[in-house]
Amino acid sequence: MNHYEQYKLWLNSPSLSESEKEDLRSIAHDDEEIKSRFFSRLEFGTAGLRAIMGVGSFRMNIHVIRHATQALAELVCAEPGDEKKYVAICFDSRCSSDDFAREVASVMAGNGIHVRIFDALRPTPMLSFAIREYGCTAGVNITASHNTKEYNGYKVYWSDGAQLPPRHAQIVAEKMDMLDMFNSYRRMDFDEALKSGIITIMGEETDRLFMENVMALANDYEAVKEVADDFKLVYTPLHGAGYKLVPEALHRLGLKHIICVPEQMELDGTFPTVTSPNPENSESFALGAVLARAHHANLIIATDPDCDRVGIMARNECGEFLTISGNQTGALLFDYLIGAKLRANTMPEKPVVLKTIVTTEMTRRIAEVNNIACFDTFTGFKFMAEKKNDLESNHKGKVIFSYEESYGYMIGDFVRDKDAVTASMLIAEMAAWYAGQNMTLWDALERLYEKYGQYSEYTLNLLMPGLDGITRMRELMAGLRGSPPKGILKTRVMVMRDYESGTEIDVESGTITKMELSGSNVLRYDLEDDTVVIVRPSGTEPKVKVYIMTRSETHIECDEKIKKYTKWAECLA
């Protein structure tokens, strides 16, 4: 069925409302728009679904939500174990997120599955927590994380509280292929399901349990108390789910001066004060920086709309607020946690740190110096959760910290996903401890470089939008595999790692060895000058990411190498 036939099928379906049909009629003579909405169905992957909202098979809408939920419900019902199955549901501040969440609940109830749904938006880590706390088989979060306002998504979690494993995601995808979009789902009216008890509401009692776990991870209340009279922190939830629990965690920590950005405390899925609600973008800190300068604050913290990522800005030696990257924040926090646990005598036996393959190699150096084991995983906290579960269940080590370069941090045992509530609390504690040493986080970072060496990282996004974007991404990766570079800009490639086949190739000798990790479409090149270049297609957006990570004697040398290899990466597009 071509895109126009799919369009007609939707237009003539009795499942669509009159307003939806009117929307489709308005594009009747726009073949490109019809094609963009109907050239395919959204592909369910390990990250679930994510797309622009609108009417069509390649858009996020109520029909796609019902279709995906029916497929997931069949997977849940087939899972061995208790006859009475539970699914937890969470949502963020995006437009239609609450409506989509209620539809997920209604379809789950229609399939005889008991539902626990939050009474209002909550941070993503609370879904992971609720799954584990209440013994749910699965969970669904309606969120598009840090994407722009046009997007929404459907993120699925499994019984361990981590995102859906690849084998389960494949089952859901296969079931969606078999199920009719409009006529296959079973649904129960939300209010009737609520009255019958098959749907129950989660509220303050779950918040209380979650926050008890968060605050149990604080290391040094005394250090915070010593500087609390003068230490000032600006916080913004970027119109999202962190608006309540992040300030609460900071207050419980003992901070007295928490200045929230008033415009961005408003819950608004159109994100009116930012171009993109992403703490990785310095633009999202603009209003916070104004407040921070006015109040002579020490630190700015921003969380994304579903409150799983956190970004920070801190004063440098000139008093200017500058962004500290995700890699830098992770290195700072890892080093701080080591010191804090040693001071408090809470360091476990066989401590472990986890990082993704695209996260700074400074982590490995910090781990080596402090006799801590360091393991790489693929990008995504489901892989970190899997590694954590394996290590700890087999008594091979205790994970004290897990993180990735894209502003995600996982600490503790009560969640299996990145957690911006806990991370914000620990970052504030760390900044307060350094303030007690008359140091800013920039001072602390410089001390890290002096101790562990100079490291620098840069991520380049090669955007490939449009209908041919997926094809271009595939061709790029196929080309690199078909003609692997022996050098990049006259610098020899020493080792090439193909994480899809799980092979490592010594370029000079041609020796091929098997790696522990395999099955992910990622290529890595280790260069002669202590630079690593990694090429990876994004799993949620139409772009290929190129990660450049380097080490040198000085900042200047690192920056020169970053600029050099960025030019090479730009030519890949």
# chains A, B, ... in the order shown; residues from 1 in each chain; ligands from 1
call {"tool": "closest_atom_pairs", "arguments": {"of": "segment 81-148 of chain A", "to": "segment 187-209 of chain A", "cutoff": "7 Å", "atoms": "only C-alpha atoms", "output": "Markdown table"}}
result
| residue | atom | partner | partner_atom | distance |
| --- | --- | --- | --- | --- |
| A:Arg102 | CA | A:Phe190 | CA | 6.8 |
| A:Ser106 | CA | A:Met188 | CA | 5.0 |
| A:Val107 | CA | A:Arg187 | CA | 4.3 |
| A:Ala109 | CA | A:Met188 | CA | 5.8 |
| A:Gly110 | CA | A:Arg187 | CA | 4.1 |
| A:His114 | CA | A:Ile198 | CA | 4.8 |
| A:Val115 | CA | A:Ile199 | CA | 4.6 |
| A:Arg116 | CA | A:Thr200 | CA | 5.0 |
| A:Ile117 | CA | A:Ile201 | CA | 5.1 |
| A:Phe118 | CA | A:Met202 | CA | 4.5 |
| A:Asp119 | CA | A:Gly203 | CA | 5.7 |
call {"tool": "residues_around", "arguments": {"residues": "segment 123-130 of chain A", "least_positions_apart": "3", "cutoff": "7 Å", "atoms": "only C-alpha atoms", "output": "list in words"}}
result
Ala88, Ile89, Cys90, Glu133, Tyr134, Gly139, Gly161, Ala162, Phe210, Ala241, Gly242, Asp306, Cys307, Asp308, Phe414, Val415, Arg416, Asp417, Lys418 and Asp419 of chain A
call {"tool": "select_by_dssp", "arguments": {"residues": "segment 133-358 of chain A", "states": "strand (DSSP E)", "output": "ChimeraX atom specification"}}
result
/A:138-142,151-158,199-202,232-236,257-260,299-303,310-315,321-324,351-356
call {"tool": "closest_residue", "arguments": {"among": "A:Glu263, A:Glu103, A:Glu150, A:Glu74", "to": "Ser184 of chain A", "atoms": "only C-alpha atoms"}}
result
A:Glu74
call {"tool": "select_by_dssp", "arguments": {"residues": "segment 2-137 of chain A", "states": "helix (DSSP H, G or I)", "output": "VMD selection string"}}
result
chain A and resid 3 to 11 18 to 25 31 to 38 62 to 78 97 to 110 124 to 134
call {"tool": "residues_around", "arguments": {"residues": "segment 381-397 of chain A", "least_positions_apart": "2", "cutoff": "8 Å", "atoms": "only C-alpha atoms", "output": "VMD selection string"}}
result
chain A and resid 162 to 165 349 to 352 354 to 356 377 to 379 399 402 416 to 418
call {"tool": "atom_distance", "arguments": {"atom1": "atom CA of Tyr185 of chain A", "atom2": "atom CA of Asp99 of chain A"}}
result
16.9 Å
call {"tool": "atom_distance", "arguments": {"atom1": "atom CA of Phe285 of chain A", "atom2": "atom CA of Met211 of chain A"}}
result
26.0 Å
call {"tool": "residues_around", "arguments": {"residues": "Val274 of chain A", "least_positions_apart": "2", "cutoff": "12 Å", "atoms": "only C-alpha atoms", "output": "ChimeraX atom specification"}}
result
/A:146-149,236-239,263-264,268-272,276-279,281-288,304-305
call {"tool": "write_last_selection", "arguments": {"atoms": "N, CA and C atoms", "output": "JSON list (two decimals), in the first residue's frame"}}
result
[["chain", "number", "residue", "atom", "x", "y", "z"],
["A", 146, "HIS", "N", 13.86, 15.75, 25.50],
["A", 146, "HIS", "CA", 14.33, 17.11, 25.27],
["A", 146, "HIS", "C", 14.04, 17.59, 23.85],
["A", 147, "ASN", "N", 13.26, 16.83, 23.07],
["A", 147, "ASN", "CA", 12.93, 17.27, 21.72],
["A", 147, "ASN", "C", 12.10, 18.56, 21.73],
["A", 148, "THR", "N", 12.00, 19.21, 20.59],
["A", 148, "THR", "CA", 11.23, 20.43, 20.49],
["A", 148, "THR", "C", 9.73, 20.15, 20.65],
["A", 149, "LYS", "N", 8.96, 21.22, 20.78],
["A", 149, "LYS", "CA", 7.55, 21.13, 21.18],
["A", 149, "LYS", "C", 6.69, 20.32, 20.21],
["A", 236, "THR", "N", 15.96, 25.79, 37.05],
["A", 236, "THR", "CA", 14.87, 25.83, 36.08],
["A", 236, "THR", "C", 14.49, 24.43, 35.62],
["A", 237, "PRO", "N", 13.19, 24.11, 35.62],
["A", 237, "PRO", "CA", 12.74, 22.82, 35.09],
["A", 237, "PRO", "C", 12.41, 22.88, 33.60],
["A", 238, "LEU", "N", 12.63, 24.06, 32.97],
["A", 238, "LEU", "CA", 12.32, 24.24, 31.55],
["A", 238, "LEU", "C", 10.87, 23.84, 31.24],
["A", 239, "HIS", "N", 9.97, 24.31, 32.09],
["A", 239, "HIS", "CA", 8.52, 24.09, 31.93],
["A", 239, "HIS", "C", 8.10, 22.64, 32.16],
["A", 263, "GLU", "N", 9.33, 32.16, 35.10],
["A", 263, "GLU", "CA", 8.67, 31.91, 33.81],
["A", 263, "GLU", "C", 8.72, 30.44, 33.43],
["A", 264, "GLN", "N", 9.82, 29.76, 33.82],
["A", 264, "GLN", "CA", 10.01, 28.37, 33.42],
["A", 264, "GLN", "C", 9.51, 27.37, 34.45],
["A", 268, "ASP", "N", 4.20, 24.05, 30.67],
["A", 268, "ASP", "CA", 3.72, 24.46, 29.35],
["A", 268, "ASP", "C", 4.44, 23.64, 28.28],
["A", 269, "GLY", "N", 3.67, 22.78, 27.60],
["A", 269, "GLY", "CA", 4.24, 21.92, 26.58],
["A", 269, "GLY", "C", 4.66, 22.61, 25.31],
["A", 270, "THR", "N", 4.39, 23.91, 25.20],
["A", 270, "THR", "CA", 4.88, 24.66, 24.03],
["A", 270, "THR", "C", 6.25, 25.27, 24.30],
["A", 271, "PHE", "N", 6.73, 25.17, 25.53],
["A", 271, "PHE", "CA", 8.05, 25.66, 25.92],
["A", 271, "PHE", "C", 8.31, 27.07, 25.39],
["A", 272, "PRO", "N", 7.48, 28.04, 25.81],
["A", 272, "PRO", "CA", 7.50, 29.36, 25.18],
["A", 272, "PRO", "C", 8.77, 30.17, 25.39],
["A", 276, "SER", "N", 14.50, 25.17, 22.24],
["A", 276, "SER", "CA", 14.49, 23.73, 22.51],
["A", 276, "SER", "C", 14.69, 23.52, 24.00],
["A", 277, "PRO", "N", 13.85, 22.70, 24.65],
["A", 277, "PRO", "CA", 13.96, 22.53, 26.11],
["A", 277, "PRO", "C", 15.03, 21.51, 26.48],
["A", 278, "ASN", "N", 16.23, 21.81, 26.10],
["A", 278, "ASN", "CA", 17.33, 20.85, 26.23],
["A", 278, "ASN", "C", 18.47, 21.47, 27.03],
["A", 279, "PRO", "N", 18.76, 20.93, 28.22],
["A", 279, "PRO", "CA", 19.85, 21.52, 29.02],
["A", 279, "PRO", "C", 21.23, 21.35, 28.40],
["A", 281, "ASN", "N", 21.78, 22.61, 25.54],
["A", 281, "ASN", "CA", 21.90, 23.85, 24.78],
["A", 281, "ASN", "C", 22.03, 25.03, 25.73],
["A", 282, "SER", "N", 23.06, 25.83, 25.57],
["A", 282, "SER", "CA", 23.29, 26.96, 26.47],
["A", 282, "SER", "C", 22.13, 27.96, 26.40],
["A", 283, "GLU", "N", 21.44, 28.00, 25.28],
["A", 283, "GLU", "CA", 20.31, 28.94, 25.11],
["A", 283, "GLU", "C", 19.23, 28.71, 26.16],
["A", 284, "SER", "N", 19.07, 27.46, 26.60],
["A", 284, "SER", "CA", 18.02, 27.16, 27.58],
["A", 284, "SER", "C", 18.34, 27.73, 28.96],
["A", 285, "PHE", "N", 19.58, 28.18, 29.17],
["A", 285, "PHE", "CA", 19.99, 28.76, 30.45],
["A", 285, "PHE", "C", 19.86, 30.29, 30.47],
["A", 286, "ALA", "N", 19.39, 30.90, 29.39],
["A", 286, "ALA", "CA", 19.43, 32.36, 29.28],
["A", 286, "ALA", "C", 18.72, 33.06, 30.44],
["A", 287, "LEU", "N", 17.49, 32.67, 30.72],
["A", 287, "LEU", "CA", 16.75, 33.32, 31.81],
["A", 287, "LEU", "C", 17.38, 33.00, 33.16],
["A", 288, "GLY", "N", 17.85, 31.78, 33.32],
["A", 288, "GLY", "CA", 18.51, 31.41, 34.57],
["A", 288, "GLY", "C", 19.77, 32.20, 34.80],
["A", 304, "ASP", "N", 15.55, 18.77, 31.97],
["A", 304, "ASP", "CA", 14.72, 18.75, 30.76],
["A", 304, "ASP", "C", 13.27, 18.43, 31.12],
["A", 305, "PRO", "N", 12.34, 18.49, 30.15],
["A", 305, "PRO", "CA", 10.90, 18.38, 30.47],
["A", 305, "PRO", "C", 10.49, 17.12, 31.21]]
call {"tool": "residues_around", "arguments": {"residues": "Gln437 of chain A", "least_positions_apart": "4", "cutoff": "12 Å", "atoms": "only C-alpha atoms", "output": "VMD selection string"}}
result
chain A and resid 223 to 224 226 to 227 430 to 433 441 443 to 444
call {"tool": "residues_around", "arguments": {"residues": "Glu32 of chain A", "least_positions_apart": "2", "cutoff": "12 Å", "atoms": "only C-alpha atoms", "output": "list in words"}}
result
His3, Tyr4, Tyr7, Ile27, Ala28, His29, Asp30, Ile34, Lys35, Ser36, Arg37, Phe38, Phe39, Gly466 and Leu467 of chain A
call {"tool": "residues_around", "arguments": {"residues": "Tyr154 of chain A", "least_positions_apart": "3", "cutoff": "10 Å", "atoms": "only C-alpha atoms", "output": "PyMOL selection string"}}
result
chain A and resi 44+47-51+60+64-65+68-69+91+97+100-101+104+140-144
call {"tool": "write_last_selection", "arguments": {"atoms": "N, CA and C atoms", "output": "PDB file, in the first residue's frame"}}
result
ATOM      1  N   PHE A  44       8.777   0.773  15.900  1.00  0.00           N
ATOM      2  CA  PHE A  44       8.959   0.590  17.336  1.00  0.00           C
ATOM      3  C   PHE A  44      10.335   0.001  17.590  1.00  0.00           C
ATOM      4  N   ALA A  47      13.906   2.343  21.997  1.00  0.00           N
ATOM      5  CA  ALA A  47      13.503   3.609  22.613  1.00  0.00           C
ATOM      6  C   ALA A  47      11.999   3.835  22.460  1.00  0.00           C
ATOM      7  N   GLY A  48      11.260   2.826  22.005  1.00  0.00           N
ATOM      8  CA  GLY A  48       9.819   2.957  21.825  1.00  0.00           C
ATOM      9  C   GLY A  48       9.497   3.703  20.549  1.00  0.00           C
ATOM     10  N   LEU A  49       8.669   4.735  20.669  1.00  0.00           N
ATOM     11  CA  LEU A  49       8.270   5.558  19.531  1.00  0.00           C
ATOM     12  C   LEU A  49       8.538   7.022  19.848  1.00  0.00           C
ATOM     13  N   ARG A  50       8.911   7.788  18.836  1.00  0.00           N
ATOM     14  CA  ARG A  50       9.047   9.235  19.003  1.00  0.00           C
ATOM     15  C   ARG A  50       8.894   9.891  17.650  1.00  0.00           C
ATOM     16  N   ALA A  51       8.032  10.911  17.573  1.00  0.00           N
ATOM     17  CA  ALA A  51       7.797  11.568  16.281  1.00  0.00           C
ATOM     18  C   ALA A  51       7.062  12.878  16.507  1.00  0.00           C
ATOM     19  N   MET A  60       2.812  10.943  15.824  1.00  0.00           N
ATOM     20  CA  MET A  60       2.322  10.545  17.139  1.00  0.00           C
ATOM     21  C   MET A  60       0.894  11.053  17.295  1.00  0.00           C
ATOM     22  N   VAL A  64      -2.011   5.762  16.953  1.00  0.00           N
ATOM     23  CA  VAL A  64      -0.711   5.104  17.075  1.00  0.00           C
ATOM     24  C   VAL A  64      -0.495   4.655  18.519  1.00  0.00           C
ATOM     25  N   ILE A  65      -0.916   5.483  19.467  1.00  0.00           N
ATOM     26  CA  ILE A  65      -0.801   5.137  20.887  1.00  0.00           C
ATOM     27  C   ILE A  65      -1.593   3.867  21.197  1.00  0.00           C
ATOM     28  N   ALA A  68       0.117   0.740  19.509  1.00  0.00           N
ATOM     29  CA  ALA A  68       1.323   0.300  20.209  1.00  0.00           C
ATOM     30  C   ALA A  68       0.979  -0.327  21.558  1.00  0.00           C
ATOM     31  N   THR A  69      -0.007   0.253  22.234  1.00  0.00           N
ATOM     32  CA  THR A  69      -0.367  -0.248  23.560  1.00  0.00           C
ATOM     33  C   THR A  69      -0.986  -1.642  23.486  1.00  0.00           C
ATOM     34  N   PHE A  91       3.798  10.533  32.601  1.00  0.00           N
ATOM     35  CA  PHE A  91       3.779  11.459  31.464  1.00  0.00           C
ATOM     36  C   PHE A  91       4.423  12.778  31.860  1.00  0.00           C
ATOM     37  N   SER A  97       0.264  14.881  26.288  1.00  0.00           N
ATOM     38  CA  SER A  97       0.872  13.791  27.055  1.00  0.00           C
ATOM     39  C   SER A  97      -0.124  13.172  28.033  1.00  0.00           C
ATOM     40  N   PHE A 100      -2.715  11.100  26.056  1.00  0.00           N
ATOM     41  CA  PHE A 100      -2.109   9.861  25.574  1.00  0.00           C
ATOM     42  C   PHE A 100      -1.943   8.862  26.719  1.00  0.00           C
ATOM     43  N   ALA A 101      -1.541   9.360  27.893  1.00  0.00           N
ATOM     44  CA  ALA A 101      -1.345   8.480  29.045  1.00  0.00           C
ATOM     45  C   ALA A 101      -2.651   7.810  29.458  1.00  0.00           C
ATOM     46  N   VAL A 104      -3.385   5.008  27.067  1.00  0.00           N
ATOM     47  CA  VAL A 104      -2.581   3.829  27.382  1.00  0.00           C
ATOM     48  C   VAL A 104      -3.247   3.055  28.513  1.00  0.00           C
ATOM     49  N   VAL A 140       5.008   2.595  30.966  1.00  0.00           N
ATOM     50  CA  VAL A 140       4.989   3.436  29.765  1.00  0.00           C
ATOM     51  C   VAL A 140       5.115   4.894  30.198  1.00  0.00           C
ATOM     52  N   ASN A 141       5.999   5.605  29.538  1.00  0.00           N
ATOM     53  CA  ASN A 141       6.160   7.035  29.782  1.00  0.00           C
ATOM     54  C   ASN A 141       5.842   7.791  28.500  1.00  0.00           C
ATOM     55  N   ILE A 142       4.902   8.709  28.570  1.00  0.00           N
ATOM     56  CA  ILE A 142       4.578   9.548  27.419  1.00  0.00           C
ATOM     57  C   ILE A 142       5.452  10.795  27.499  1.00  0.00           C
ATOM     58  N   THR A 143       6.474  10.826  26.681  1.00  0.00           N
ATOM     59  CA  THR A 143       7.446  11.909  26.702  1.00  0.00           C
ATOM     60  C   THR A 143       8.270  11.886  25.427  1.00  0.00           C
ATOM     61  N   ALA A 144       8.758  13.049  25.044  1.00  0.00           N
ATOM     62  CA  ALA A 144       9.751  13.129  23.968  1.00  0.00           C
ATOM     63  C   ALA A 144      11.029  13.741  24.518  1.00  0.00           C
TER      64      ALA A 144
END
call {"tool": "atom_distance", "arguments": {"atom1": "atom CA of Thr422 of chain A", "atom2": "atom CA of Ser159 of chain A"}}
result
21.3 Å
call {"tool": "closest_residue", "arguments": {"among": "A:Ala428, A:Ala573, A:Val369, A:Ala331", "to": "Arg252 of chain A", "atoms": "only C-alpha atoms"}}
result
A:Ala428
call {"tool": "closest_residue", "arguments": {"among": "A:Tyr86, A:Tyr452, A:Tyr499, A:Phe401", "to": "Ala373 of chain A", "atoms": "only C-alpha atoms"}}
result
A:Phe401
